[in-house]
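Structure file my_file_38.txt (compact mmCIF, C-alpha atoms and all ligand atoms) follows.
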```txt
# COMPACT_ATOMS: atom_id res chain seq x y z
CA MET A 1 111.10 140.75 37.48
CA GLN A 2 111.66 139.16 40.90
CA LEU A 3 113.89 136.14 41.45
CA LYS A 4 111.15 133.60 42.21
CA PRO A 5 108.95 134.30 39.15
CA SER A 6 112.09 134.44 36.97
CA LEU A 7 113.02 130.98 38.20
CA THR A 8 109.50 129.63 37.70
CA ALA A 9 109.40 130.99 34.13
CA ALA A 10 112.81 129.47 33.41
CA ILE A 11 111.71 126.05 34.69
CA SER A 12 108.64 126.23 32.39
CA ARG A 13 110.82 127.20 29.41
CA LEU A 14 113.30 124.37 29.98
CA THR A 15 110.47 121.89 30.56
CA ALA A 16 108.76 122.96 27.31
CA ASP A 17 112.05 122.46 25.46
CA HIS A 18 112.54 118.98 26.98
CA VAL A 19 115.74 119.93 28.81
CA PRO A 20 116.36 117.20 31.44
CA SER A 21 116.24 118.19 35.15
CA PRO A 22 114.68 121.60 34.36
CA ARG A 23 114.60 122.86 37.98
CA LEU A 24 118.22 121.92 38.61
CA ASN A 25 119.34 123.57 35.36
CA ALA A 26 117.26 126.71 35.95
CA GLU A 27 118.70 127.05 39.46
CA LEU A 28 122.28 126.38 38.36
CA LEU A 29 122.09 129.00 35.64
CA LEU A 30 120.50 131.56 37.97
CA MET A 31 123.23 130.88 40.55
CA PHE A 32 125.78 131.46 37.78
CA THR A 33 124.02 134.66 36.62
CA LEU A 34 123.85 136.13 40.13
CA ASN A 35 127.16 134.59 41.28
CA CYS A 36 125.46 133.18 44.36
CA ASP A 37 124.74 129.82 45.98
CA ARG A 38 121.48 127.87 46.15
CA ALA A 39 120.76 129.04 49.72
CA TYR A 40 120.74 132.65 48.47
CA LEU A 41 118.16 131.78 45.78
CA HIS A 42 115.81 130.37 48.39
CA ALA A 43 116.45 133.12 50.94
CA HIS A 44 115.73 136.02 48.55
CA PRO A 45 112.70 135.09 46.40
CA GLU A 46 111.67 138.74 46.13
CA ARG A 47 115.04 140.09 45.01
CA GLU A 48 114.57 142.14 41.81
CA LEU A 49 116.77 141.08 38.88
CA THR A 50 118.38 144.04 37.10
CA ALA A 51 117.91 144.34 33.34
CA ALA A 52 121.50 143.16 32.83
CA GLU A 53 120.94 140.12 35.05
CA GLN A 54 117.68 139.30 33.25
CA SER A 55 119.37 139.43 29.89
CA ARG A 56 122.36 137.32 31.09
CA TYR A 57 119.94 134.75 32.51
CA GLN A 58 117.93 134.60 29.29
CA ALA A 59 121.13 134.18 27.26
CA ALA A 60 122.28 131.33 29.53
CA LEU A 61 118.89 129.63 29.26
CA ALA A 62 118.97 129.94 25.47
CA GLU A 63 122.38 128.23 25.43
CA ARG A 64 121.04 125.42 27.60
CA VAL A 65 118.01 124.98 25.32
CA ARG A 66 120.48 124.69 22.40
CA GLY A 67 121.97 121.72 24.28
CA VAL A 68 125.12 123.32 25.72
CA PRO A 69 125.80 121.59 29.08
CA ALA A 70 125.13 123.86 32.07
CA GLN A 71 128.72 123.30 33.26
CA TYR A 72 130.15 124.85 30.08
CA ILE A 73 127.77 127.81 30.37
CA ALA A 74 128.63 128.39 34.02
CA GLY A 75 132.28 127.39 33.50
CA HIS A 76 132.40 125.25 36.64
CA GLN A 77 131.91 121.72 37.89
CA GLU A 78 132.39 120.24 41.32
CA PHE A 79 134.62 117.19 41.67
CA TRP A 80 135.89 115.58 44.88
CA GLY A 81 134.65 118.61 46.82
CA MET A 82 136.61 121.05 44.63
CA ASP A 83 135.15 123.68 42.35
CA LEU A 84 136.85 123.19 38.96
CA ILE A 85 136.94 125.43 35.91
CA VAL A 86 135.61 123.66 32.82
CA THR A 87 135.63 124.88 29.23
CA PRO A 88 134.64 123.06 26.03
CA ALA A 89 138.33 122.04 25.75
CA VAL A 90 137.85 119.50 28.55
CA LEU A 91 135.50 116.70 29.46
CA ILE A 92 133.12 117.67 32.25
CA PRO A 93 134.33 115.61 35.25
CA ARG A 94 131.81 112.88 36.12
CA PRO A 95 130.94 111.58 39.58
CA GLU A 96 131.82 107.99 38.58
CA THR A 97 135.45 109.08 38.05
CA GLU A 98 135.62 109.56 41.83
CA HIS A 99 135.76 105.72 42.02
CA ALA A 100 139.23 105.96 40.44
CA ILE A 101 140.34 108.29 43.25
CA GLU A 102 138.85 105.99 45.90
CA THR A 103 140.67 103.02 44.36
CA VAL A 104 144.04 104.77 44.47
CA LEU A 105 143.46 105.97 48.04
CA ASP A 106 142.51 102.45 49.19
CA LEU A 107 145.64 100.98 47.64
CA ALA A 108 147.84 103.81 48.90
CA SER A 109 146.53 103.62 52.46
CA PRO A 110 149.23 102.91 55.04
CA SER A 111 147.84 99.45 55.76
CA VAL A 112 147.80 98.36 52.13
CA GLY A 113 149.90 100.31 49.66
CA ARG A 114 152.58 102.10 51.63
CA ALA A 115 153.79 98.76 52.88
CA LEU A 116 154.35 97.84 49.24
CA LEU A 117 156.63 100.81 48.58
CA PRO A 118 160.28 99.90 48.15
CA ALA A 119 162.34 100.97 51.14
CA ASN A 120 164.35 103.46 49.06
CA SER A 121 161.21 105.21 47.71
CA PRO A 122 160.71 108.44 49.67
CA HIS A 123 157.20 109.10 48.39
CA LEU A 124 154.55 107.78 46.05
CA ARG A 125 154.89 108.71 42.39
CA ILE A 126 151.62 108.92 40.50
CA ALA A 127 150.81 109.64 36.84
CA ASP A 128 147.35 110.74 35.65
CA VAL A 129 147.11 110.04 31.91
CA GLY A 130 144.66 112.22 29.93
CA THR A 131 144.18 114.70 32.74
CA GLY A 132 141.61 116.96 30.99
CA SER A 133 140.42 119.44 33.64
CA GLY A 134 143.02 117.97 35.98
CA CYS A 135 140.33 116.53 38.24
CA ILE A 136 142.08 113.22 39.06
CA ALA A 137 145.53 114.77 39.51
CA LEU A 138 144.15 117.54 41.73
CA ALA A 139 142.09 115.20 43.91
CA LEU A 140 145.12 112.93 44.45
CA ALA A 141 147.43 115.89 45.12
CA LYS A 142 144.95 117.12 47.71
CA GLU A 143 144.55 113.73 49.41
CA LEU A 144 148.16 112.56 49.25
CA PRO A 145 150.26 115.57 50.27
CA GLN A 146 153.52 113.62 50.10
CA ALA A 147 152.95 112.20 46.61
CA GLU A 148 154.72 113.40 43.46
CA ILE A 149 152.07 113.80 40.78
CA HIS A 150 152.50 113.91 37.01
CA ALA A 151 149.63 114.68 34.65
CA THR A 152 149.68 114.21 30.88
CA ASP A 153 147.39 115.24 28.05
CA ILE A 154 147.76 115.41 24.30
CA SER A 155 145.61 118.56 24.17
CA PRO A 156 147.40 121.83 24.98
CA ALA A 157 144.02 123.52 25.52
CA ALA A 158 143.05 120.92 28.11
CA LEU A 159 146.40 121.32 29.89
CA GLU A 160 145.80 125.05 30.10
CA VAL A 161 142.55 124.39 31.97
CA ALA A 162 144.23 121.78 34.21
CA ARG A 163 147.01 124.23 35.08
CA ALA A 164 144.46 126.94 35.88
CA ASN A 165 142.63 124.52 38.18
CA ALA A 166 145.87 123.56 39.91
CA ALA A 167 146.66 127.25 40.50
CA ARG A 168 143.13 127.92 41.73
CA HIS A 169 143.55 125.23 44.40
CA GLN A 170 147.18 126.13 45.25
CA LEU A 171 148.36 122.77 43.93
CA GLU A 172 150.46 124.00 41.01
CA SER A 173 153.75 123.22 42.73
CA ARG A 174 152.56 119.67 43.39
CA ILE A 175 151.70 118.62 39.82
CA HIS A 176 154.07 118.30 36.85
CA PHE A 177 152.15 118.72 33.61
CA HIS A 178 153.31 117.10 30.36
CA GLU A 179 151.92 117.68 26.87
CA THR A 180 152.46 114.25 25.39
CA ASP A 181 150.87 111.16 23.86
CA LEU A 182 149.86 108.97 26.85
CA LEU A 183 153.13 108.36 28.78
CA THR A 184 155.62 109.09 26.01
CA GLY A 185 158.77 110.70 27.42
CA LEU A 186 158.10 109.81 31.05
CA PRO A 187 160.82 107.75 32.74
CA PRO A 188 160.56 103.93 32.86
CA GLU A 189 159.93 101.88 36.03
CA THR A 190 159.18 105.02 38.06
CA PHE A 191 155.55 105.17 39.06
CA ASP A 192 153.75 103.50 41.95
CA PHE A 193 150.36 104.33 40.41
CA ILE A 194 149.22 105.10 36.89
CA VAL A 195 145.63 106.21 36.84
CA SER A 196 143.62 107.20 33.81
CA ASN A 197 140.14 107.98 32.63
CA PRO A 198 141.05 107.58 28.96
CA PRO A 199 138.75 108.00 25.97
CA TYR A 200 136.95 104.64 25.92
CA VAL A 201 133.79 105.01 23.83
CA GLY A 202 133.72 103.29 20.44
CA GLU A 203 132.62 105.17 17.34
CA SER A 204 130.36 102.17 16.71
CA GLU A 205 128.45 103.11 19.91
CA GLU A 206 128.10 106.77 18.91
CA ASP A 207 124.31 106.53 18.60
CA GLN A 208 124.02 105.51 22.26
CA VAL A 209 125.98 108.54 23.47
CA GLN A 210 123.87 111.49 24.70
CA LEU A 211 123.49 114.14 22.02
CA ASP A 212 124.84 116.91 24.30
CA VAL A 213 128.02 114.89 24.87
CA ARG A 214 128.47 114.24 21.15
CA LYS A 215 127.83 117.83 20.17
CA PHE A 216 129.66 119.73 22.88
CA GLU A 217 132.29 117.65 24.68
CA PRO A 218 135.72 117.24 23.02
CA ARG A 219 135.62 114.30 20.63
CA ASN A 220 139.15 113.15 21.45
CA ALA A 221 138.21 113.00 25.15
CA VAL A 222 135.25 110.70 24.54
CA PHE A 223 135.92 108.50 21.50
CA ALA A 224 138.94 106.21 21.30
CA GLY A 225 138.40 104.87 17.77
CA PRO A 226 136.09 102.33 16.13
CA THR A 227 135.84 99.92 19.09
CA GLY A 228 136.59 102.06 22.16
CA LEU A 229 139.64 99.98 23.12
CA GLU A 230 142.20 101.73 20.94
CA VAL A 231 143.63 104.13 23.53
CA ILE A 232 143.58 101.57 26.38
CA ALA A 233 145.32 99.01 24.13
CA ARG A 234 148.22 101.44 23.68
CA LEU A 235 148.17 102.62 27.30
CA ILE A 236 148.48 99.18 28.96
CA PRO A 237 151.98 98.37 27.59
CA GLN A 238 153.14 101.96 28.14
CA ALA A 239 151.91 101.80 31.74
CA HIS A 240 153.69 98.46 32.19
CA ALA A 241 156.94 100.11 31.13
CA ALA A 242 156.45 103.22 33.30
CA LEU A 243 155.35 101.43 36.51
CA ARG A 244 157.89 100.10 38.91
CA PRO A 245 157.46 96.36 39.62
CA GLY A 246 154.54 96.01 42.03
CA GLY A 247 152.99 99.32 40.93
CA TRP A 248 149.28 99.66 40.16
CA LEU A 249 147.38 100.58 36.99
CA ILE A 250 143.90 102.00 37.59
CA LEU A 251 141.68 102.60 34.58
CA GLU A 252 138.18 103.98 34.27
CA ILE A 253 136.30 101.80 31.78
CA SER A 254 132.77 101.06 30.58
CA GLY A 255 130.72 97.88 30.80
CA THR A 256 131.01 97.50 27.01
CA ILE A 257 134.78 96.99 27.07
CA ALA A 258 135.21 95.50 30.56
CA GLN A 259 135.80 91.92 29.40
CA GLN A 260 138.33 92.92 26.72
CA VAL A 261 140.20 95.13 29.19
CA GLN A 262 140.35 92.26 31.65
CA ASP A 263 141.66 89.97 28.89
CA SER A 264 144.35 92.54 27.96
CA LEU A 265 145.59 92.48 31.56
CA GLN A 266 146.14 88.70 31.64
CA SER A 267 149.86 88.95 32.37
CA TRP A 268 149.29 91.35 35.29
CA ASN A 269 148.61 90.40 38.94
CA ASP A 270 145.56 91.10 41.11
CA VAL A 271 143.31 92.10 38.19
CA PHE A 272 139.95 93.23 39.51
CA LEU A 273 136.93 95.09 38.10
CA ILE A 274 135.17 97.48 40.48
CA PRO A 275 131.50 98.33 39.80
CA ASP A 276 129.99 101.80 40.07
CA LEU A 277 126.80 102.65 41.97
CA GLN A 278 124.74 101.25 39.06
CA SER A 279 126.69 97.96 39.26
CA ILE A 280 128.40 98.66 35.92
CA PRO A 281 132.10 97.66 35.85
CA ARG A 282 133.72 101.09 36.07
CA ILE A 283 137.29 100.66 37.28
CA ALA A 284 139.85 98.08 36.21
CA ARG A 285 142.80 97.75 38.53
CA ALA A 286 145.87 95.57 38.02
CA ARG A 287 149.31 95.22 39.54
CA LYS A 288 152.53 94.92 37.57
CA PRO A 289 154.15 91.69 38.74
CA PRO A 290 156.99 92.24 41.23
CA ARG A 291 160.40 91.29 39.89
C1 LIG B 301 137.79 110.97 29.14
S1 LIG B 301 138.78 112.43 29.16
C2 LIG B 301 139.23 112.44 30.89
C3 LIG B 301 139.55 113.78 31.43
C4 LIG B 301 139.73 113.80 32.95
N1 LIG B 301 140.83 112.95 33.37
C5 LIG B 301 138.45 113.35 33.63
O1 LIG B 301 138.44 112.26 34.22
O2 LIG B 301 137.44 114.08 33.57
C6 LIG B 301 140.21 111.86 28.32
C7 LIG B 301 141.36 112.86 28.22
O3 LIG B 301 142.43 112.19 27.54
C8 LIG B 301 143.04 113.08 26.62
N2 LIG B 301 143.66 112.26 25.59
C9 LIG B 301 143.09 111.66 24.51
N3 LIG B 301 144.00 110.98 23.81
C10 LIG B 301 145.19 111.14 24.47
C11 LIG B 301 146.51 110.68 24.23
N4 LIG B 301 146.80 109.90 23.20
N5 LIG B 301 147.48 111.05 25.10
C12 LIG B 301 147.20 111.84 26.17
N6 LIG B 301 145.96 112.30 26.43
C13 LIG B 301 144.97 111.95 25.60
C14 LIG B 301 141.92 113.97 26.14
O4 LIG B 301 142.45 115.20 25.65
C15 LIG B 301 141.08 114.11 27.41
O5 LIG B 301 141.49 115.25 28.15
```
Would it be possible to restate this file's structure as structure tokens?
Ligand SMILES: C[S@@+](CC[C@H](N)C(=O)[O-])C[C@H]1O[C@@H](n2cnc3c(N)ncnc32)[C@H](O)[C@@H]1O
Amino acid sequence: MQLKPSLTAAISRLTADHVPSPRLNAELLLMFTLNCDRAYLHAHPERELTAAEQSRYQAALAERVRGVPAQYIAGHQEFWGMDLIVTPAVLIPRPETEHAIETVLDLASPSVGRALLPANSPHLRIADVGTGSGCIALALAKELPQAEIHATDISPAALEVARANAARHQLESRIHFHETDLLTGLPPETFDFIVSNPPYVGESEEDQVQLDVRKFEPRNAVFAGPTGLEVIARLIPQAHAALRPGGWLILEISGTIAQQVQDSLQSWNDVFLIPDLQSIPRIARARKPPR
């Protein structure tokens, strides 16, 4: 069968099975099957698919109909302009997490953050807690070439993916990976920035979480415990200990826990909640008081 009718049939199949964004999914999976970009799909509508390609495409579509996210089937997701490997061991990086990167970059800009660095500090030190695919650590390593970056995760399988992504983008020498619980074992009063997209969904909210997320994304990446605050509640004091005075904590959060997170940061300075594009509080930032 030719490419165009294959794509049309796939869109019909995904639509019939109530898969959201059927065209996007059908195109993504065909791009994965043929190892090509979207421009190629549109430039070669008459290209014949080989029997092997047809069967790979049908298998990928069947996985998607079963609910497996297209990113796990294709094994890739774009984040901050980088193509990242994703496997079911890691959360699929979300666009809203880019707000965490923007927040760090704003605060680290020469006019704002660098001026706050102590005179004896040769470069920024940054820790990404719960690195998953490594998306935050990699984006910051790419944008801040002088920074020393540390990335932690409790999951060895996730760290394997993060390391592979660092190697893929020639950033492996820039990021120190640590298999640990939050910031355990990292030196005190060291970091200028601690940034994290921690698990923050409460088990009590499980019904409101998309079925595909619940079924296929790692549970310990999504759910923090009964209320959603459990990991953040442990991370805030650990971050306080690991930041140097005047250093910044930047957390991705949800609207559900925003008020409690703000309350937990009462003893910090410059606490501010930053909304995402849907006006939901998405980032909490706070500064450890200077000595
Ligand atoms: C929401 S995911 C974020 C992944 C990635 N940073 C991102 O933004 O896509 C949370 C990550 O935290 C890790 N994690 C969960 N509990 C942890 C803990 N106690 N210590 C370190 N990492 C933890 C999970 O393995 C997962 O990779």
Build an axis-aligned box that encloses every atom of region 195-205 of chain A listed in the file, pad it by 3 Å on each side, and report its centre and edge lengths in Å to one decimal, as AutoDock Vina command-line options.
```
--center_x 137.0 --center_y 105.1 --center_z 26.8 --size_x 23.2 --size_y 11.8 --size_z 26.1
```
Please determine, counting only C-alpha atoms and all ligand atoms, which residue among A:Ala108, A:Leu24, A:Leu3, A:Cys135 has the shortest atom-to-atom distance to ligand LIG 301 (chain B).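 Of A:Ala108, A:Leu24, A:Leu3, A:Cys135, the one nearest ligand LIG 301 (chain B), counting only C-alpha atoms and all ligand atoms, is A:Cys135.
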List as a PDB file with C-alpha atoms, in the coordinates of the input the protein and nucleic acid residues lying within 7 Å of ligand LIG 301 (chain B), with all atoms listed in the file counted.
```
ATOM      1  CA  VAL A  90     137.850 119.500  28.550  1.00  0.00           C
ATOM      2  CA  LEU A  91     135.500 116.700  29.460  1.00  0.00           C
ATOM      3  CA  ILE A  92     133.120 117.670  32.250  1.00  0.00           C
ATOM      4  CA  PRO A  93     134.330 115.610  35.250  1.00  0.00           C
ATOM      5  CA  ARG A  94     131.810 112.880  36.120  1.00  0.00           C
ATOM      6  CA  THR A  97     135.450 109.080  38.050  1.00  0.00           C
ATOM      7  CA  VAL A 129     147.110 110.040  31.910  1.00  0.00           C
ATOM      8  CA  GLY A 130     144.660 112.220  29.930  1.00  0.00           C
ATOM      9  CA  THR A 131     144.180 114.700  32.740  1.00  0.00           C
ATOM     10  CA  GLY A 132     141.610 116.960  30.990  1.00  0.00           C
ATOM     11  CA  SER A 133     140.420 119.440  33.640  1.00  0.00           C
ATOM     12  CA  GLY A 134     143.020 117.970  35.980  1.00  0.00           C
ATOM     13  CA  CYS A 135     140.330 116.530  38.240  1.00  0.00           C
ATOM     14  CA  ILE A 136     142.080 113.220  39.060  1.00  0.00           C
ATOM     15  CA  THR A 152     149.680 114.210  30.880  1.00  0.00           C
ATOM     16  CA  ASP A 153     147.390 115.240  28.050  1.00  0.00           C
ATOM     17  CA  ILE A 154     147.760 115.410  24.300  1.00  0.00           C
ATOM     18  CA  SER A 155     145.610 118.560  24.170  1.00  0.00           C
ATOM     19  CA  ALA A 158     143.050 120.920  28.110  1.00  0.00           C
ATOM     20  CA  THR A 180     152.460 114.250  25.390  1.00  0.00           C
ATOM     21  CA  ASP A 181     150.870 111.160  23.860  1.00  0.00           C
ATOM     22  CA  LEU A 182     149.860 108.970  26.850  1.00  0.00           C
ATOM     23  CA  SER A 196     143.620 107.200  33.810  1.00  0.00           C
ATOM     24  CA  ASN A 197     140.140 107.980  32.630  1.00  0.00           C
ATOM     25  CA  PRO A 198     141.050 107.580  28.960  1.00  0.00           C
ATOM     26  CA  PRO A 199     138.750 108.000  25.970  1.00  0.00           C
ATOM     27  CA  ASN A 220     139.150 113.150  21.450  1.00  0.00           C
ATOM     28  CA  ALA A 221     138.210 113.000  25.150  1.00  0.00           C
ATOM     29  CA  VAL A 222     135.250 110.700  24.540  1.00  0.00           C
ATOM     30  CA  VAL A 231     143.630 104.130  23.530  1.00  0.00           C
TER      31      VAL A 231
END
```
Under the rule that all atoms listed in the file are counted, which of A:Ala286, A:Ala52, A:Ile257, A:Leu243 is the nearest residue to Asn269 (chain A)?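 Smallest distance to Asn269 (chain A) is found for A:Ala286.
A straight line drawn from CA of Val19 (chain A) to CA of Glu63 (chain A) is 11.2 Å long.
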Have a look at A:Gln259, A:Gln2, A:Ala100, A:Ala10 and name the one nearest to Gln58 (chain A); count only C-alpha atoms. A:Ala10
Can you list, as a PyMOL selection string, every protein, DNA or RNA residue that comes within 12 Å of Trp248 (chain A) when you count all atoms listed in the file, leaving out same-chain residues fewer than 5 positions away? chain A and resi 100+103-108+113+116-117+124-127+189-196+236+239-243+265+268-272+284-290
Separation of CA of Pro145 (chain A) from CA of Gln170 (chain A) in Å: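 Separating CA of Gln170 (chain A) from CA of Pro145 (chain A) is a distance of 12.1 Å.
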Residue neighbourhood Leu34 (chain A), 9 Å, only C-alpha atoms, exclusion window fewer than 2 positions, as a ChimeraX atom specification: /A:29-32,36-37,49,53,57
Restricted to C-alpha atoms, what would the selected residues look like written as a compact mmCIF listing (two decimals), keeping the file's coordinate frame?
```txt
# COMPACT_ATOMS: atom_id res chain seq x y z
CA LEU A 29 122.09 129.00 35.64
CA LEU A 30 120.50 131.56 37.97
CA MET A 31 123.23 130.88 40.55
CA PHE A 32 125.78 131.46 37.78
CA CYS A 36 125.46 133.18 44.36
CA ASP A 37 124.74 129.82 45.98
CA LEU A 49 116.77 141.08 38.88
CA GLU A 53 120.94 140.12 35.05
CA TYR A 57 119.94 134.75 32.51
```
Could you work out how far CA of Pro69 (chain A) lies from CA of Ile280 (chain A), giving the answer in Å with one decimal?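 CA of Pro69 (chain A) lies at a distance of 24.1 Å from CA of Ile280 (chain A).
Distances from A:Ala89, A:Ala224, A:Leu41, A:Ala51 to Glu205 (chain A) were compared using all atoms listed in the file, and the smallest one belongs to A:Ala224.
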From the set A:Leu277, A:Ile232, A:Ala139, A:Ala157, which residue has the shortest atom-to-atom contact distance to Gln262 (chain A), counting only C-alpha atoms? A:Ile232
Tell me, as a ChimeraX atom specification, which residues lie within 12 Å of Glu206 (chain A), counting only C-alpha atoms; anything in the same chain fewer than 2 positions away does not count. /A:200-204,208-215,219,222-228
Of the residues A:Ala151, A:Ser264, A:Leu273, A:Ala166, which is the one nearest to His178 (chain A), using all atoms listed in the file?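 Smallest distance to His178 (chain A) is found for A:Ala151.
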